[in-house]
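Okay, so here's the structure we're looking at.
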Number of protein chains: 2
Amino acid sequence: MSDQPSAADEIMDGVYRALRAHGFADVTMQDIADECSKSKSLLHYHYDTKEDLLVAFLDHVITDSEARIDAHADDPPTERLAQFVGWFVFEADAVDREAFHIALLELRTQGPFNERIRDQLARSDRLLRGTVADILEAGIEQGVFRDVDVEETAALLVATLDGARTRQITLSEGTGGTPDDGETATEGVGQTYTRTVAEATLDRIIGPLLADGVELPSLTEGIEEMAPEGEYE
Amino acid sequence: MSDQPSAADEIMDGVYRALRAHGFADVTMQDIADECSKSKSLLHYHYDTKEDLLVAFLDHVITDSEARIDAHADDPPTERLAQFVGWFVFEADAVDREAFHIALLELRTQGPFNERIRDQLARSDRLLRGTVADILEAGIEQGVFRDVDVEETAALLVATLDGARTRQITLSEGTGGTPDDGETATEGVGQTYTRTVAEATLDRIIGPLLADGVELPSLTEGIEEMAPEGEYE
């Protein structure tokens, strides 16, 4: 066994960097080849088309997310829920991360037109909502959450956090630093859209789920626990 | 004074139809000209570039939203909040509306790269969050809402509803009818993502804002009140 990354992993890392740099609409096989120091013909040997490669990349990113979620499967349910919320918090200087998620959002707009992309998006949706549902069910069983509608709560949490991320990245200047004119990020609050919404989510949505006497988990610890260990933030 | 639509209005309606049919990335000045039965040279006489025209269209859509919000400014705050939530509910057969919002989402992904688009997105964000904040302030003053953090609540509501819409339209098959395989829409709930999240928003986020004895407003009425009267849904 070798510690060397496989060619497939190197190619996936190349897609990640190329998407960040060029976006989904403009990225070419040559850009990806350049980013992973492979030849374009080698890429085409493994992936017939750019679409094949991008679908494989989506698959890879979702599998990476599954692994990241699984790594915390034994943490207490309240902490896992704070980790899930914290995962969606983007600080104002997270330029690379915003660029990557803008490219992913571009890819997502292709869902209605491309069945293979849509299948990956549906898998991601099942993963995200399923993770929240699992956490809630475990917590209800352990008596730390009240007996809430698990599916509805999962849809609400995923929509809320995804929405905050989409608003933050689309309103952002994309060159890093502070937001556009102080009005595009959460006006008068002095922090990012995702952080404002994550705090509100903890207080307003998760707080009321807790059984009597159970303490609200810490967003700061949640963010730290889910800080990128893998490649894709 | 004439009841005839102005040339500018006809062009905007052409952009709307062309975006629905072709999406943002693929739409051409010729497509737009075809949709409003104008010549391409007339379009270019008014708008130098496709970007100019699309920015003017965004401006037009946001102004249309402002008018729609203003038309309900004298309704009771609880009803206005239900209308705001209902505005984001897309039924499963809302094919044209989903197609339009996919095109808008594509446009939004250009925010970080295009200052004029970003300025319009920031304006839309101020309109949406400002509307919720106004409703909440009026309701607090009238004693129908508790004294909550208005800005935080506005960010939470807008993120939640936008997120549900983004998830519904990107996971949708785009050809209308039922969602992909029964699993892409809210699994096991039998209704759209936006409806599930709208109901959860009313119960979980808005319910706790109400002062004692104030009744939760009806989502059904909220949806009906905001049903498209103008051109853009």
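If you're wondering about the labels, chains in the structure tokens are A, B, ... by order shown, residues count from 1 in each chain, ligands from 1 in order shown.
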**OP:** Identify every residue of chain B that has at least one atom within 7 Å of any atom of chain A, counting only C-alpha atoms, and report the result as number ranges by chain.
**Re:** B: 102, 105-106, 108-109, 111-113, 118, 121-122, 152, 155-156, 159-160, 162-164, 170-174, 184, 196-197, 200, 204-205
I'd like the contact shell of Val144 of chain A - 10 Å cut-off, only C-alpha atoms, skipping same-chain residues fewer than 2 positions apart - returned as a CSV table (one decimal) with N, CA, C and O atoms, in the first residue's frame.
chain,number,residue,atom,x,y,z
A,76,PRO,N,-22.6,13.1,20.6
A,76,PRO,CA,-23.9,13.2,21.1
A,76,PRO,C,-24.8,14.0,20.1
A,76,PRO,O,-24.3,14.9,19.4
A,77,PRO,N,-26.1,13.6,20.0
A,77,PRO,CA,-27.0,14.2,19.0
A,77,PRO,C,-27.0,15.8,19.0
A,77,PRO,O,-27.0,16.4,18.0
A,78,THR,N,-27.0,16.4,20.2
A,78,THR,CA,-27.0,17.9,20.2
A,78,THR,C,-25.8,18.4,19.6
A,78,THR,O,-25.8,19.4,18.9
A,136,LEU,N,-31.9,13.6,14.7
A,136,LEU,CA,-33.1,13.9,15.5
A,136,LEU,C,-33.6,12.6,16.1
A,136,LEU,O,-34.0,12.6,17.3
A,138,ALA,N,-32.1,9.8,16.8
A,138,ALA,CA,-31.2,9.4,17.9
A,138,ALA,C,-31.5,10.2,19.2
A,138,ALA,O,-31.5,9.7,20.3
A,139,GLY,N,-31.6,11.5,19.0
A,139,GLY,CA,-31.8,12.4,20.1
A,139,GLY,C,-33.2,12.2,20.8
A,139,GLY,O,-33.3,12.3,22.0
A,140,ILE,N,-34.2,11.9,20.0
A,140,ILE,CA,-35.5,11.7,20.5
A,140,ILE,C,-35.4,10.4,21.4
A,140,ILE,O,-35.9,10.3,22.5
A,141,GLU,N,-34.7,9.4,20.8
A,141,GLU,CA,-34.6,8.1,21.5
A,141,GLU,C,-33.9,8.3,22.9
A,141,GLU,O,-34.2,7.7,23.9
A,142,GLN,N,-32.9,9.2,22.8
A,142,GLN,CA,-32.1,9.4,24.1
A,142,GLN,C,-32.7,10.4,25.0
A,142,GLN,O,-32.2,10.7,26.1
A,146,ARG,N,-37.3,16.7,22.0
A,146,ARG,CA,-38.7,16.4,22.1
A,146,ARG,C,-39.1,15.6,20.9
A,146,ARG,O,-38.4,15.5,19.9
A,147,ASP,N,-40.3,15.1,20.9
A,147,ASP,CA,-40.8,14.2,19.9
A,147,ASP,C,-41.4,15.0,18.7
A,147,ASP,O,-42.6,15.2,18.6
A,209,LEU,N,-36.4,22.5,20.1
A,209,LEU,CA,-36.5,21.0,20.0
A,209,LEU,C,-36.0,20.3,21.2
A,209,LEU,O,-36.2,19.1,21.4
A,210,LEU,N,-35.2,21.0,22.0
A,210,LEU,CA,-34.5,20.4,23.2
A,210,LEU,C,-35.5,20.0,24.3
A,210,LEU,O,-36.4,20.8,24.6
A,211,ALA,N,-35.2,18.9,24.8
A,211,ALA,CA,-36.0,18.5,26.0
A,211,ALA,C,-35.7,19.4,27.2
A,211,ALA,O,-34.6,20.0,27.2
A,212,ASP,N,-36.6,19.4,28.2
A,212,ASP,CA,-36.3,20.3,29.4
A,212,ASP,C,-34.9,20.0,30.0
A,212,ASP,O,-34.6,18.8,30.2
A,213,GLY,N,-34.2,21.0,30.3
A,213,GLY,CA,-32.9,20.8,31.0
A,213,GLY,C,-31.8,20.6,30.1
A,213,GLY,O,-30.6,20.5,30.5
A,214,VAL,N,-32.0,20.3,28.8
A,214,VAL,CA,-30.9,20.1,27.8
A,214,VAL,C,-30.3,21.4,27.3
A,214,VAL,O,-31.1,22.3,26.9
A,215,GLU,N,-29.0,21.5,27.4
A,215,GLU,CA,-28.4,22.8,27.1
A,215,GLU,C,-28.2,22.9,25.6
A,215,GLU,O,-27.9,22.0,24.9
Subject >> Close residues, Ala18 of chain A itself excluded, 10 Å, only C-alpha atoms, min 4 positions apart in chain, as a PyMOL selection string >> reply: chain A and resi 12-14+22-24+26-36+100+103
Selection to disk with N, CA, C and O atoms, as a JSON list (two decimals), in the first residue's frame:
[["chain", "number", "residue", "atom", "x", "y", "z"],
["A", 12, "MET", "N", -9.47, 14.52, -9.26],
["A", 12, "MET", "CA", -10.57, 15.16, -8.53],
["A", 12, "MET", "C", -10.11, 16.47, -7.89],
["A", 12, "MET", "O", -10.83, 17.47, -7.89],
["A", 13, "ASP", "N", -8.89, 16.46, -7.34],
["A", 13, "ASP", "CA", -8.36, 17.70, -6.75],
["A", 13, "ASP", "C", -8.17, 18.76, -7.84],
["A", 13, "ASP", "O", -8.36, 19.96, -7.59],
["A", 14, "GLY", "N", -7.80, 18.31, -9.03],
["A", 14, "GLY", "CA", -7.65, 19.23, -10.15],
["A", 14, "GLY", "C", -8.98, 19.86, -10.55],
["A", 14, "GLY", "O", -9.06, 21.05, -10.84],
["A", 22, "HIS", "N", -12.23, 28.86, -12.41],
["A", 22, "HIS", "CA", -12.88, 29.20, -13.69],
["A", 22, "HIS", "C", -14.41, 29.15, -13.63],
["A", 22, "HIS", "O", -15.07, 29.65, -14.54],
["A", 23, "GLY", "N", -14.97, 28.52, -12.60],
["A", 23, "GLY", "CA", -16.42, 28.36, -12.56],
["A", 23, "GLY", "C", -16.86, 27.19, -13.42],
["A", 23, "GLY", "O", -16.09, 26.68, -14.26],
["A", 24, "PHE", "N", -18.09, 26.77, -13.24],
["A", 24, "PHE", "CA", -18.59, 25.61, -13.96],
["A", 24, "PHE", "C", -18.78, 25.88, -15.45],
["A", 24, "PHE", "O", -18.41, 25.07, -16.30],
["A", 26, "ASP", "N", -17.36, 27.94, -17.50],
["A", 26, "ASP", "CA", -16.18, 28.24, -18.32],
["A", 26, "ASP", "C", -15.08, 27.19, -18.22],
["A", 26, "ASP", "O", -14.15, 27.21, -19.03],
["A", 27, "VAL", "N", -15.13, 26.32, -17.23],
["A", 27, "VAL", "CA", -14.01, 25.40, -17.02],
["A", 27, "VAL", "C", -13.86, 24.45, -18.23],
["A", 27, "VAL", "O", -14.87, 24.01, -18.79],
["A", 28, "THR", "N", -12.63, 24.19, -18.62],
["A", 28, "THR", "CA", -12.37, 23.27, -19.74],
["A", 28, "THR", "C", -11.57, 22.06, -19.24],
["A", 28, "THR", "O", -10.98, 22.10, -18.17],
["A", 29, "MET", "N", -11.55, 21.01, -20.05],
["A", 29, "MET", "CA", -10.73, 19.85, -19.72],
["A", 29, "MET", "C", -9.26, 20.27, -19.59],
["A", 29, "MET", "O", -8.52, 19.74, -18.77],
["A", 30, "GLN", "N", -8.84, 21.24, -20.43],
["A", 30, "GLN", "CA", -7.46, 21.71, -20.36],
["A", 30, "GLN", "C", -7.17, 22.39, -19.02],
["A", 30, "GLN", "O", -6.11, 22.17, -18.42],
["A", 31, "ASP", "N", -8.13, 23.20, -18.52],
["A", 31, "ASP", "CA", -7.96, 23.84, -17.20],
["A", 31, "ASP", "C", -7.75, 22.78, -16.13],
["A", 31, "ASP", "O", -6.91, 22.93, -15.24],
["A", 32, "ILE", "N", -8.57, 21.75, -16.20],
["A", 32, "ILE", "CA", -8.50, 20.68, -15.18],
["A", 32, "ILE", "C", -7.17, 19.94, -15.31],
["A", 32, "ILE", "O", -6.50, 19.67, -14.31],
["A", 33, "ALA", "N", -6.79, 19.63, -16.55],
["A", 33, "ALA", "CA", -5.50, 18.95, -16.78],
["A", 33, "ALA", "C", -4.36, 19.80, -16.21],
["A", 33, "ALA", "O", -3.47, 19.28, -15.52],
["A", 34, "ASP", "N", -4.40, 21.10, -16.45],
["A", 34, "ASP", "CA", -3.35, 22.00, -15.95],
["A", 34, "ASP", "C", -3.29, 21.97, -14.42],
["A", 34, "ASP", "O", -2.21, 21.95, -13.83],
["A", 35, "GLU", "N", -4.47, 21.95, -13.79],
["A", 35, "GLU", "CA", -4.52, 22.03, -12.33],
["A", 35, "GLU", "C", -4.02, 20.76, -11.65],
["A", 35, "GLU", "O", -3.63, 20.79, -10.49],
["A", 36, "CYS", "N", -4.09, 19.62, -12.36],
["A", 36, "CYS", "CA", -3.61, 18.39, -11.72],
["A", 36, "CYS", "C", -2.37, 17.84, -12.42],
["A", 36, "CYS", "O", -1.96, 16.71, -12.15],
["A", 100, "PHE", "N", -15.72, 27.98, -4.71],
["A", 100, "PHE", "CA", -16.09, 26.59, -4.96],
["A", 100, "PHE", "C", -17.61, 26.42, -4.93],
["A", 100, "PHE", "O", -18.20, 25.77, -5.79],
["A", 103, "ALA", "N", -19.35, 27.72, -7.98],
["A", 103, "ALA", "CA", -19.26, 26.74, -9.08],
["A", 103, "ALA", "C", -20.26, 25.60, -8.87],
["A", 103, "ALA", "O", -20.91, 25.14, -9.81]]
**OP:** List every residue of segment 12-229 of chain A that DSSP, applied to the backbone of this structure, places in alpha helix (DSSP H), and write the result as a ChimeraX atom specification.
**Re:** /A:12-26,29-35,40-46,50-70,77-87,95-108,115-141,150-171,193-200,219-225
**OP:** Mind giving me the straight-line distance from atom CA of Ala82 of chain B to atom CA of Gln191 of chain B in Å, one decimal?
**Re:** 18.5 Å
Subject >> Shell of 7 Å around segment 46-56 of chain B, only C-alpha atoms, local chain residues under 3 positions omitted, as a VMD selection string >> reply: chain B and resid 29 42 to 43 59 to 60 116 to 117
So that I have them on file, write out the residues from the current selection with all heavy atoms, as a short mmCIF file (atom, residue, chain, number, x, y, z; two decimals), in the first residue's frame.
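New file part_3.cif:
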data_model
loop_
_atom_site.label_atom_id
_atom_site.label_comp_id
_atom_site.auth_asym_id
_atom_site.auth_seq_id
_atom_site.Cartn_x
_atom_site.Cartn_y
_atom_site.Cartn_z
N MET B 29 -29.64 37.61 -27.80
CA MET B 29 -30.46 38.78 -28.15
C MET B 29 -31.51 38.37 -29.19
O MET B 29 -32.63 38.86 -29.17
CB MET B 29 -29.57 39.91 -28.70
CG MET B 29 -28.71 40.60 -27.65
SD MET B 29 -29.66 41.54 -26.40
CE MET B 29 -29.41 43.23 -26.97
N LEU B 42 -33.46 46.72 -33.06
CA LEU B 42 -34.20 47.59 -32.13
C LEU B 42 -33.74 47.33 -30.69
O LEU B 42 -33.52 48.27 -29.92
CB LEU B 42 -35.71 47.37 -32.24
CG LEU B 42 -36.50 48.25 -31.24
CD1 LEU B 42 -36.71 49.66 -31.80
CD2 LEU B 42 -37.83 47.63 -30.85
N LEU B 43 -33.59 46.04 -30.35
CA LEU B 43 -33.09 45.73 -28.99
C LEU B 43 -31.74 46.40 -28.75
O LEU B 43 -31.51 47.01 -27.71
CB LEU B 43 -32.93 44.22 -28.79
CG LEU B 43 -34.18 43.35 -28.68
CD1 LEU B 43 -33.80 41.98 -28.13
CD2 LEU B 43 -35.23 43.99 -27.79
N ASP B 59 -33.65 44.71 -12.78
CA ASP B 59 -34.20 45.93 -12.18
C ASP B 59 -35.72 45.94 -12.30
O ASP B 59 -36.43 46.24 -11.34
CB ASP B 59 -33.59 47.14 -12.92
CG ASP B 59 -34.08 48.46 -12.38
OD1 ASP B 59 -33.52 48.92 -11.37
OD2 ASP B 59 -35.03 49.01 -12.95
N HIS B 60 -36.22 45.57 -13.47
CA HIS B 60 -37.66 45.55 -13.75
C HIS B 60 -38.38 44.53 -12.85
O HIS B 60 -39.45 44.82 -12.30
CB HIS B 60 -37.84 45.20 -15.23
CG HIS B 60 -39.24 45.21 -15.72
ND1 HIS B 60 -39.93 46.37 -15.97
CD2 HIS B 60 -40.10 44.19 -16.02
CE1 HIS B 60 -41.15 46.07 -16.41
NE2 HIS B 60 -41.27 44.77 -16.45
N ARG B 116 -22.70 45.00 -11.61
CA ARG B 116 -24.05 45.50 -11.89
C ARG B 116 -25.10 44.47 -11.50
O ARG B 116 -26.16 44.81 -10.97
CB ARG B 116 -24.17 45.87 -13.37
CG ARG B 116 -23.24 47.04 -13.72
CD ARG B 116 -23.05 47.13 -15.22
NE ARG B 116 -24.25 47.60 -15.87
CZ ARG B 116 -24.56 47.33 -17.16
NH1 ARG B 116 -23.77 46.56 -17.89
NH2 ARG B 116 -25.64 47.81 -17.68
N ILE B 117 -24.81 43.19 -11.77
CA ILE B 117 -25.73 42.15 -11.32
C ILE B 117 -25.75 42.10 -9.79
O ILE B 117 -26.81 42.04 -9.16
CB ILE B 117 -25.34 40.78 -11.92
CG1 ILE B 117 -25.62 40.78 -13.44
CG2 ILE B 117 -26.08 39.64 -11.23
CD1 ILE B 117 -25.20 39.53 -14.17
#
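Picture a line from atom CA of Met226 of chain B to atom CA of Val148 of chain B; it runs 25.3 Å.
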